[in-house]
file query-v3.cif (mmCIF, N, CA and C atoms)
data_model
#
loop_
_atom_site.label_atom_id
_atom_site.label_comp_id
_atom_site.auth_asym_id
_atom_site.auth_seq_id
_atom_site.Cartn_x
_atom_site.Cartn_y
_atom_site.Cartn_z
N MET A 1 137.79 129.22 96.85
CA MET A 1 136.79 128.23 97.21
C MET A 1 136.88 127.06 96.24
N ASP A 2 136.78 125.84 96.78
CA ASP A 2 136.79 124.64 95.94
C ASP A 2 135.50 124.55 95.14
N GLU A 3 135.60 123.91 93.99
CA GLU A 3 134.43 123.68 93.14
C GLU A 3 133.51 122.68 93.84
N TYR A 4 132.23 122.99 93.92
CA TYR A 4 131.26 122.10 94.55
C TYR A 4 130.42 121.43 93.48
N GLU A 5 130.31 120.13 93.57
CA GLU A 5 129.47 119.35 92.65
C GLU A 5 128.20 118.95 93.40
N PRO A 6 127.03 119.46 93.00
CA PRO A 6 125.79 119.10 93.70
C PRO A 6 125.57 117.59 93.74
N GLN A 7 125.11 117.12 94.87
CA GLN A 7 124.84 115.69 95.07
C GLN A 7 123.33 115.50 95.08
N ILE A 8 122.81 114.90 94.04
CA ILE A 8 121.37 114.70 93.89
C ILE A 8 121.12 113.20 93.74
N ARG A 9 120.24 112.67 94.56
CA ARG A 9 119.96 111.24 94.55
C ARG A 9 118.46 111.01 94.44
N ALA A 10 118.05 110.01 93.66
CA ALA A 10 116.64 109.63 93.51
C ALA A 10 116.34 108.42 94.40
N ILE A 11 115.18 108.40 94.99
CA ILE A 11 114.78 107.29 95.83
C ILE A 11 114.92 105.97 95.09
N ASP A 12 114.42 105.93 93.87
CA ASP A 12 114.42 104.67 93.11
C ASP A 12 115.81 104.19 92.72
N ASP A 13 116.81 105.07 92.80
CA ASP A 13 118.18 104.67 92.48
C ASP A 13 118.93 104.09 93.67
N MET A 14 118.35 104.17 94.86
CA MET A 14 119.02 103.69 96.07
C MET A 14 118.46 102.34 96.47
N PRO A 15 119.32 101.41 96.89
CA PRO A 15 118.83 100.08 97.27
C PRO A 15 118.05 100.12 98.58
N PRO A 16 116.96 99.34 98.67
CA PRO A 16 116.21 99.30 99.92
C PRO A 16 116.94 98.48 100.97
N ASP A 17 116.81 98.90 102.21
CA ASP A 17 117.30 98.14 103.35
C ASP A 17 116.06 97.70 104.12
N THR A 18 115.81 96.40 104.18
CA THR A 18 114.62 95.88 104.84
C THR A 18 114.97 95.01 106.05
N ARG A 19 116.22 95.07 106.49
CA ARG A 19 116.67 94.20 107.59
C ARG A 19 115.94 94.46 108.90
N ARG A 20 115.54 95.68 109.17
CA ARG A 20 114.84 96.01 110.43
C ARG A 20 113.35 96.21 110.22
N GLY A 21 112.86 95.96 109.00
CA GLY A 21 111.46 96.21 108.67
C GLY A 21 111.34 97.47 107.84
N GLY A 22 110.20 97.63 107.21
CA GLY A 22 110.00 98.78 106.33
C GLY A 22 110.92 98.73 105.14
N ASP A 23 110.87 99.75 104.34
CA ASP A 23 111.74 99.93 103.17
C ASP A 23 112.51 101.22 103.42
N VAL A 24 113.74 101.10 103.89
CA VAL A 24 114.56 102.25 104.26
C VAL A 24 115.59 102.49 103.17
N ARG A 25 115.70 103.74 102.72
CA ARG A 25 116.66 104.09 101.67
C ARG A 25 117.46 105.31 102.11
N THR A 26 118.75 105.11 102.27
CA THR A 26 119.64 106.22 102.62
C THR A 26 120.00 106.96 101.34
N LEU A 27 119.67 108.24 101.30
CA LEU A 27 119.89 109.03 100.09
C LEU A 27 121.22 109.77 100.12
N LEU A 28 121.46 110.51 101.17
CA LEU A 28 122.67 111.33 101.28
C LEU A 28 123.45 110.88 102.51
N SER A 29 124.69 110.43 102.29
CA SER A 29 125.51 109.89 103.37
C SER A 29 126.98 110.07 102.99
N PRO A 30 127.89 109.73 103.90
CA PRO A 30 129.31 109.81 103.52
C PRO A 30 129.61 108.98 102.27
N LYS A 31 129.00 107.81 102.17
CA LYS A 31 129.27 106.92 101.03
C LYS A 31 128.64 107.42 99.72
N THR A 32 127.40 107.92 99.81
CA THR A 32 126.69 108.29 98.57
C THR A 32 126.94 109.72 98.12
N ALA A 33 127.26 110.62 99.08
CA ALA A 33 127.36 112.04 98.72
C ALA A 33 128.53 112.76 99.37
N GLY A 34 129.34 112.03 100.14
CA GLY A 34 130.48 112.67 100.78
C GLY A 34 130.13 113.55 101.95
N THR A 35 128.98 113.31 102.60
CA THR A 35 128.59 114.13 103.74
C THR A 35 129.55 113.93 104.90
N SER A 36 129.64 114.93 105.76
CA SER A 36 130.56 114.84 106.90
C SER A 36 129.88 115.09 108.25
N SER A 37 128.60 115.47 108.25
CA SER A 37 127.96 115.81 109.53
C SER A 37 126.75 114.94 109.85
N GLY A 38 126.28 114.13 108.91
CA GLY A 38 125.11 113.31 109.15
C GLY A 38 124.68 112.61 107.89
N PHE A 39 123.52 111.94 107.96
CA PHE A 39 122.97 111.32 106.76
C PHE A 39 121.46 111.44 106.77
N MET A 40 120.87 111.30 105.58
CA MET A 40 119.45 111.55 105.39
C MET A 40 118.87 110.52 104.45
N GLY A 41 117.62 110.18 104.68
CA GLY A 41 116.97 109.21 103.82
C GLY A 41 115.47 109.22 104.00
N VAL A 42 114.84 108.19 103.46
CA VAL A 42 113.40 108.03 103.52
C VAL A 42 113.06 106.60 103.90
N ALA A 43 111.87 106.41 104.41
CA ALA A 43 111.39 105.06 104.70
C ALA A 43 109.91 104.98 104.36
N THR A 44 109.53 103.84 103.82
CA THR A 44 108.14 103.52 103.55
C THR A 44 107.77 102.35 104.46
N ILE A 45 106.69 102.51 105.22
CA ILE A 45 106.27 101.48 106.17
C ILE A 45 104.82 101.11 105.82
N ALA A 46 104.64 99.89 105.39
CA ALA A 46 103.31 99.41 104.99
C ALA A 46 102.41 99.23 106.21
N PRO A 47 101.09 99.22 106.00
CA PRO A 47 100.19 98.94 107.12
C PRO A 47 100.57 97.62 107.80
N GLY A 48 100.66 97.65 109.13
CA GLY A 48 101.03 96.47 109.89
C GLY A 48 102.52 96.22 109.99
N ASP A 49 103.33 96.96 109.26
CA ASP A 49 104.79 96.78 109.29
C ASP A 49 105.40 97.73 110.30
N TRP A 50 106.70 97.59 110.51
CA TRP A 50 107.40 98.38 111.51
C TRP A 50 108.87 98.48 111.17
N ILE A 51 109.55 99.37 111.86
CA ILE A 51 111.01 99.41 111.90
C ILE A 51 111.37 99.01 113.32
N ALA A 52 112.14 97.94 113.45
CA ALA A 52 112.44 97.32 114.74
C ALA A 52 113.16 98.28 115.68
N GLU A 53 113.07 97.96 116.96
CA GLU A 53 113.70 98.78 117.98
C GLU A 53 115.22 98.86 117.78
N HIS A 54 115.75 100.06 117.94
CA HIS A 54 117.18 100.31 117.85
C HIS A 54 117.47 101.63 118.54
N TYR A 55 118.72 102.00 118.61
CA TYR A 55 119.10 103.30 119.17
C TYR A 55 120.38 103.76 118.47
N HIS A 56 120.69 105.04 118.63
CA HIS A 56 121.87 105.64 118.02
C HIS A 56 122.74 106.22 119.12
N PRO A 57 123.90 105.60 119.41
CA PRO A 57 124.74 106.07 120.51
C PRO A 57 125.47 107.38 120.22
N TYR A 58 125.49 107.82 118.97
CA TYR A 58 126.22 109.04 118.63
C TYR A 58 125.34 110.11 117.98
N SER A 59 124.14 109.75 117.55
CA SER A 59 123.35 110.65 116.70
C SER A 59 121.97 110.94 117.26
N GLU A 60 121.51 112.17 117.00
CA GLU A 60 120.11 112.52 117.17
C GLU A 60 119.42 112.13 115.87
N GLU A 61 118.12 111.85 115.97
CA GLU A 61 117.37 111.54 114.74
C GLU A 61 116.17 112.48 114.65
N PHE A 62 115.94 112.96 113.44
CA PHE A 62 114.82 113.83 113.14
C PHE A 62 113.95 113.10 112.12
N ILE A 63 112.65 112.97 112.39
CA ILE A 63 111.73 112.26 111.50
C ILE A 63 110.59 113.20 111.14
N TYR A 64 110.24 113.20 109.86
CA TYR A 64 109.08 113.96 109.40
C TYR A 64 108.16 112.99 108.67
N VAL A 65 106.89 112.92 109.10
CA VAL A 65 105.91 112.04 108.47
C VAL A 65 105.27 112.80 107.31
N VAL A 66 105.62 112.41 106.12
CA VAL A 66 105.09 113.06 104.92
C VAL A 66 103.67 112.58 104.65
N ARG A 67 103.48 111.26 104.76
CA ARG A 67 102.19 110.65 104.42
C ARG A 67 101.90 109.51 105.41
N GLY A 68 100.66 109.40 105.83
CA GLY A 68 100.27 108.34 106.75
C GLY A 68 100.44 108.76 108.20
N ASN A 69 100.37 107.79 109.08
CA ASN A 69 100.51 108.01 110.52
C ASN A 69 101.40 106.94 111.11
N LEU A 70 102.13 107.28 112.15
CA LEU A 70 103.02 106.34 112.82
C LEU A 70 102.77 106.31 114.31
N VAL A 71 103.13 105.18 114.90
CA VAL A 71 103.27 105.08 116.34
C VAL A 71 104.76 104.93 116.59
N ALA A 72 105.31 105.85 117.38
CA ALA A 72 106.73 105.80 117.72
C ALA A 72 106.84 105.47 119.20
N GLU A 73 107.51 104.38 119.51
CA GLU A 73 107.77 104.03 120.90
C GLU A 73 109.18 104.47 121.23
N LEU A 74 109.30 105.42 122.16
CA LEU A 74 110.58 105.94 122.61
C LEU A 74 110.79 105.50 124.05
N ASP A 75 111.81 104.66 124.27
CA ASP A 75 112.03 104.06 125.59
C ASP A 75 110.72 103.51 126.16
N ASP A 76 110.01 102.75 125.32
CA ASP A 76 108.75 102.06 125.66
C ASP A 76 107.56 102.98 125.87
N GLU A 77 107.69 104.27 125.60
CA GLU A 77 106.56 105.20 125.72
C GLU A 77 105.95 105.42 124.35
N ARG A 78 104.65 105.19 124.25
CA ARG A 78 103.93 105.30 122.97
C ARG A 78 103.66 106.77 122.63
N ASN A 79 103.96 107.12 121.37
CA ASN A 79 103.71 108.47 120.86
C ASN A 79 103.10 108.34 119.47
N GLU A 80 101.98 109.00 119.25
CA GLU A 80 101.38 109.00 117.92
C GLU A 80 101.93 110.19 117.14
N VAL A 81 102.37 109.91 115.92
CA VAL A 81 102.95 110.96 115.07
C VAL A 81 102.14 110.99 113.77
N PRO A 82 101.22 111.95 113.66
CA PRO A 82 100.38 112.01 112.46
C PRO A 82 101.10 112.61 111.26
N GLU A 83 100.46 112.46 110.13
CA GLU A 83 100.94 113.05 108.88
C GLU A 83 101.23 114.54 109.06
N ARG A 84 102.33 114.99 108.43
CA ARG A 84 102.74 116.40 108.45
C ARG A 84 103.20 116.86 109.83
N HIS A 85 103.68 115.91 110.63
CA HIS A 85 104.26 116.22 111.94
C HIS A 85 105.68 115.68 111.99
N ALA A 86 106.48 116.27 112.87
CA ALA A 86 107.88 115.87 113.02
C ALA A 86 108.11 115.30 114.42
N LEU A 87 109.14 114.48 114.53
CA LEU A 87 109.52 113.86 115.79
C LEU A 87 111.03 113.98 115.96
N PHE A 88 111.47 114.35 117.17
CA PHE A 88 112.88 114.40 117.51
C PHE A 88 113.19 113.23 118.45
N ILE A 89 114.26 112.49 118.14
CA ILE A 89 114.68 111.36 118.97
C ILE A 89 116.09 111.64 119.46
N PRO A 90 116.26 111.85 120.78
CA PRO A 90 117.59 112.16 121.33
C PRO A 90 118.56 110.99 121.22
N ILE A 91 119.83 111.29 121.34
CA ILE A 91 120.89 110.28 121.38
C ILE A 91 120.58 109.25 122.46
N ASN A 92 120.86 107.98 122.18
CA ASN A 92 120.71 106.84 123.11
C ASN A 92 119.27 106.51 123.47
N THR A 93 118.30 107.04 122.78
CA THR A 93 116.90 106.72 123.06
C THR A 93 116.49 105.50 122.23
N ARG A 94 116.07 104.44 122.90
CA ARG A 94 115.57 103.27 122.18
C ARG A 94 114.27 103.67 121.49
N HIS A 95 114.13 103.28 120.22
CA HIS A 95 112.92 103.63 119.50
C HIS A 95 112.57 102.59 118.44
N ARG A 96 111.28 102.49 118.19
CA ARG A 96 110.74 101.67 117.10
C ARG A 96 109.59 102.45 116.49
N LEU A 97 109.35 102.21 115.22
CA LEU A 97 108.26 102.88 114.50
C LEU A 97 107.31 101.82 113.97
N ARG A 98 106.00 102.03 114.17
CA ARG A 98 105.00 101.08 113.69
C ARG A 98 103.92 101.82 112.92
N ASN A 99 103.43 101.14 111.89
CA ASN A 99 102.30 101.66 111.14
C ASN A 99 101.08 100.82 111.52
N GLU A 100 100.22 101.39 112.35
CA GLU A 100 99.00 100.70 112.77
C GLU A 100 97.81 101.11 111.93
N GLY A 101 98.03 101.96 110.92
CA GLY A 101 96.94 102.47 110.09
C GLY A 101 96.64 101.57 108.90
N ASP A 102 95.76 102.07 108.05
CA ASP A 102 95.33 101.33 106.86
C ASP A 102 96.04 101.78 105.60
N GLU A 103 96.86 102.83 105.69
CA GLU A 103 97.57 103.30 104.51
C GLU A 103 99.07 103.33 104.77
N GLU A 104 99.82 103.27 103.72
CA GLU A 104 101.28 103.30 103.79
C GLU A 104 101.75 104.61 104.45
N ALA A 105 102.78 104.51 105.28
CA ALA A 105 103.40 105.70 105.87
C ALA A 105 104.72 105.96 105.13
N PHE A 106 104.99 107.22 104.86
CA PHE A 106 106.21 107.62 104.18
C PHE A 106 106.86 108.71 105.02
N ILE A 107 108.14 108.48 105.42
CA ILE A 107 108.83 109.43 106.28
C ILE A 107 110.16 109.85 105.66
N VAL A 108 110.61 111.02 106.09
CA VAL A 108 111.96 111.51 105.79
C VAL A 108 112.69 111.55 107.12
N PHE A 109 113.95 111.08 107.14
CA PHE A 109 114.73 111.11 108.39
C PHE A 109 116.12 111.68 108.15
N HIS A 110 116.67 112.23 109.23
CA HIS A 110 118.04 112.74 109.21
C HIS A 110 118.68 112.39 110.54
N LEU A 111 119.94 111.93 110.51
CA LEU A 111 120.70 111.64 111.72
C LEU A 111 121.98 112.43 111.70
N GLY A 112 122.37 112.94 112.85
CA GLY A 112 123.64 113.65 112.98
C GLY A 112 123.95 113.86 114.45
N PRO A 113 125.18 113.98 114.82
CA PRO A 113 126.36 113.85 113.96
C PRO A 113 126.63 112.38 113.61
N LEU A 114 127.56 112.18 112.72
CA LEU A 114 127.97 110.84 112.36
C LEU A 114 128.73 110.18 113.50
N ALA A 115 128.65 108.86 113.57
CA ALA A 115 129.45 108.11 114.55
C ALA A 115 130.92 108.20 114.15
N PRO A 116 131.82 108.15 115.13
CA PRO A 116 133.25 108.14 114.78
C PRO A 116 133.56 106.89 113.96
N ARG A 117 134.54 106.99 113.11
CA ARG A 117 134.93 105.84 112.28
C ARG A 117 135.59 104.78 113.10
#
call {"tool": "encode", "arguments": {"input": "query-v3.cif", "output": "structure tokens"}}
result
Amino acid sequence: MDEYEPQIRAIDDMPPDTRRGGDVRTLLSPKTAGTSSGFMGVATIAPGDWIAEHYHPYSEEFIYVVRGNLVAELDDERNEVPERHALFIPINTRHRLRNEGDEEAFIVFHLGPLAPR
């Protein structure tokens, strides 16, 4: 068996991506940790902020709301996702996340499989 080097990443060590809204930080990915089946990260969404509509043509997405509440629109259908609840987003599903509450929302997400290179 090959020697395995644990890949540990801190949120504060990863650069924020704010291009689609929110503060999205990819923690474990092919680039940061050599993953081969997907990637994982966190997002912080301030009250009134959102992550713009997008979709993943190759990946399913799993979201867990650690803190706060979200509104997730999946193919224009509104879904409320409260704190300590998870959401599954199938491949090719258009989705956006909004924080309509008064407190910051903090989520953990994972996508897999990876898109072909």
call {"tool": "residues_near_point", "arguments": {"input": "query-v3.cif", "point": "(129.1, 114.3, 113.3)", "cutoff": "7 Å", "atoms": "all atoms listed in the file", "output": "ChimeraX atom specification"}}
result
/A:36-38,112-116
call {"tool": "residues_near_point", "arguments": {"input": "query-v3.cif", "point": "(109.7, 99.4, 123.0)", "cutoff": "10 Å", "atoms": "only C-alpha atoms", "output": "NGL selection string"}}
result
:A and (52-54 or 72-78 or 94-97)
call {"tool": "residues_around", "arguments": {"input": "query-v3.cif", "residues": "stretch 16-30 of chain A", "least_positions_apart": "3", "cutoff": "6.5 Å", "atoms": "only N, CA and C atoms", "output": "count of residues only"}}
result
18
call {"tool": "residues_around", "arguments": {"input": "query-v3.cif", "residues": "stretch 58-71 of chain A", "least_positions_apart": "3", "cutoff": "6.5 Å", "atoms": "only N, CA and C atoms", "output": "ChimeraX atom specification"}}
result
/A:78-92,96-101,103-115
call {"tool": "select_by_dssp", "arguments": {"input": "query-v3.cif", "residues": "chain A", "states": "helix (DSSP H, G or I)", "output": "CSV table (one decimal) with N, CA and C atoms, in the coordinates of the input"}}
result
chain,number,residue,atom,x,y,z
A,11,ILE,N,115.2,108.4,95.0
A,11,ILE,CA,114.8,107.3,95.8
A,11,ILE,C,114.9,106.0,95.1
A,12,ASP,N,114.4,105.9,93.9
A,12,ASP,CA,114.4,104.7,93.1
A,12,ASP,C,115.8,104.2,92.7
A,13,ASP,N,116.8,105.1,92.8
A,13,ASP,CA,118.2,104.7,92.5
A,13,ASP,C,118.9,104.1,93.7
A,30,PRO,N,127.9,109.7,103.9
A,30,PRO,CA,129.3,109.8,103.5
A,30,PRO,C,129.6,109.0,102.3
A,31,LYS,N,129.0,107.8,102.2
A,31,LYS,CA,129.3,106.9,101.0
A,31,LYS,C,128.6,107.4,99.7
A,32,THR,N,127.4,107.9,99.8
A,32,THR,CA,126.7,108.3,98.6
A,32,THR,C,126.9,109.7,98.1
A,33,ALA,N,127.3,110.6,99.1
A,33,ALA,CA,127.4,112.0,98.7
A,33,ALA,C,128.5,112.8,99.4
call {"tool": "select_by_dssp", "arguments": {"input": "query-v3.cif", "residues": "chain A", "states": "strand (DSSP E or B)", "output": "PyMOL selection string"}}
result
chain A and resi 17+23-28+39-45+50-54+60-67+70-74+77-81+86-89+95-98+105-112
call {"tool": "atom_distance", "arguments": {"input": "query-v3.cif", "atom1": "atom N of A:Asp13", "atom2": "atom N of A:Thr32"}}
result
13.0 Å
call {"tool": "atom_distance", "arguments": {"input": "query-v3.cif", "atom1": "atom CA of A:Tyr55", "atom2": "atom N of A:Thr93"}}
result
5.3 Å
call {"tool": "build_atoms", "arguments": {"input": "query-v3.cif", "residues": "stretch 85-96 of chain A", "atoms": "all heavy atoms", "output": "compact mmCIF listing (two decimals), keeping the file's coordinate frame"}}
result
# COMPACT_ATOMS: atom_id res chain seq x y z
N HIS A 85 103.68 115.91 110.63
CA HIS A 85 104.26 116.22 111.94
C HIS A 85 105.68 115.68 111.99
O HIS A 85 106.02 114.73 111.29
CB HIS A 85 103.43 115.61 113.07
CG HIS A 85 102.17 116.36 113.36
ND1 HIS A 85 101.10 116.37 112.50
CD2 HIS A 85 101.83 117.13 114.41
CE1 HIS A 85 100.14 117.11 113.01
NE2 HIS A 85 100.56 117.60 114.17
N ALA A 86 106.48 116.27 112.87
CA ALA A 86 107.88 115.87 113.02
C ALA A 86 108.11 115.30 114.42
O ALA A 86 107.39 115.63 115.36
CB ALA A 86 108.80 117.05 112.78
N LEU A 87 109.14 114.48 114.53
CA LEU A 87 109.52 113.86 115.79
C LEU A 87 111.03 113.98 115.96
O LEU A 87 111.79 113.71 115.02
CB LEU A 87 109.13 112.37 115.76
CG LEU A 87 109.65 111.48 116.89
CD1 LEU A 87 109.00 111.88 118.21
CD2 LEU A 87 109.38 110.02 116.56
N PHE A 88 111.47 114.35 117.17
CA PHE A 88 112.88 114.40 117.51
C PHE A 88 113.19 113.23 118.45
O PHE A 88 112.47 113.01 119.43
CB PHE A 88 113.20 115.72 118.22
CG PHE A 88 114.56 115.75 118.85
CD1 PHE A 88 115.71 115.72 118.07
CD2 PHE A 88 114.70 115.79 120.22
CE1 PHE A 88 116.97 115.74 118.64
CE2 PHE A 88 115.95 115.81 120.81
CZ PHE A 88 117.10 115.79 120.02
N ILE A 89 114.26 112.49 118.14
CA ILE A 89 114.68 111.36 118.97
C ILE A 89 116.09 111.64 119.46
O ILE A 89 117.04 111.70 118.68
CB ILE A 89 114.64 110.04 118.17
CG1 ILE A 89 113.23 109.81 117.61
CG2 ILE A 89 115.10 108.88 119.05
CD1 ILE A 89 113.12 108.65 116.65
N PRO A 90 116.26 111.85 120.78
CA PRO A 90 117.59 112.16 121.33
C PRO A 90 118.56 110.99 121.22
O PRO A 90 118.16 109.83 121.08
CB PRO A 90 117.31 112.49 122.80
CG PRO A 90 115.84 112.79 122.87
CD PRO A 90 115.21 111.96 121.80
N ILE A 91 119.83 111.29 121.34
CA ILE A 91 120.89 110.28 121.38
C ILE A 91 120.58 109.25 122.46
O ILE A 91 120.08 109.60 123.54
CB ILE A 91 122.25 110.96 121.65
CG1 ILE A 91 122.67 111.82 120.45
CG2 ILE A 91 123.34 109.93 121.97
CD1 ILE A 91 123.90 112.68 120.71
N ASN A 92 120.86 107.98 122.18
CA ASN A 92 120.71 106.84 123.11
C ASN A 92 119.27 106.51 123.47
O ASN A 92 119.05 105.74 124.41
CB ASN A 92 121.51 107.06 124.39
CG ASN A 92 122.96 106.66 124.23
OD1 ASN A 92 123.26 105.69 123.52
ND2 ASN A 92 123.85 107.40 124.84
N THR A 93 118.30 107.04 122.78
CA THR A 93 116.90 106.72 123.06
C THR A 93 116.49 105.50 122.23
O THR A 93 116.56 105.54 121.00
CB THR A 93 115.99 107.91 122.72
OG1 THR A 93 116.40 109.04 123.50
CG2 THR A 93 114.54 107.60 122.99
N ARG A 94 116.07 104.44 122.90
CA ARG A 94 115.57 103.27 122.18
C ARG A 94 114.27 103.67 121.49
O ARG A 94 113.41 104.33 122.08
CB ARG A 94 115.28 102.11 123.15
CG ARG A 94 116.49 101.48 123.76
CD ARG A 94 116.14 100.31 124.68
NE ARG A 94 115.35 100.77 125.84
CZ ARG A 94 114.05 100.54 126.03
NH1 ARG A 94 113.35 99.84 125.15
NH2 ARG A 94 113.43 101.01 127.10
N HIS A 95 114.13 103.28 120.22
CA HIS A 95 112.92 103.63 119.50
C HIS A 95 112.57 102.59 118.44
O HIS A 95 113.43 101.90 117.93
CB HIS A 95 113.02 105.02 118.88
CG HIS A 95 114.18 105.21 117.95
ND1 HIS A 95 115.48 105.35 118.41
CD2 HIS A 95 114.26 105.27 116.61
CE1 HIS A 95 116.29 105.50 117.37
NE2 HIS A 95 115.57 105.45 116.26
N ARG A 96 111.28 102.49 118.19
CA ARG A 96 110.74 101.67 117.10
C ARG A 96 109.59 102.45 116.49
O ARG A 96 108.95 103.25 117.17
CB ARG A 96 110.31 100.29 117.58
CG ARG A 96 109.06 100.27 118.39
CD ARG A 96 108.52 98.85 118.65
NE ARG A 96 109.47 97.97 119.24
CZ ARG A 96 109.56 97.71 120.55
NH1 ARG A 96 108.74 98.31 121.40
NH2 ARG A 96 110.44 96.87 121.01
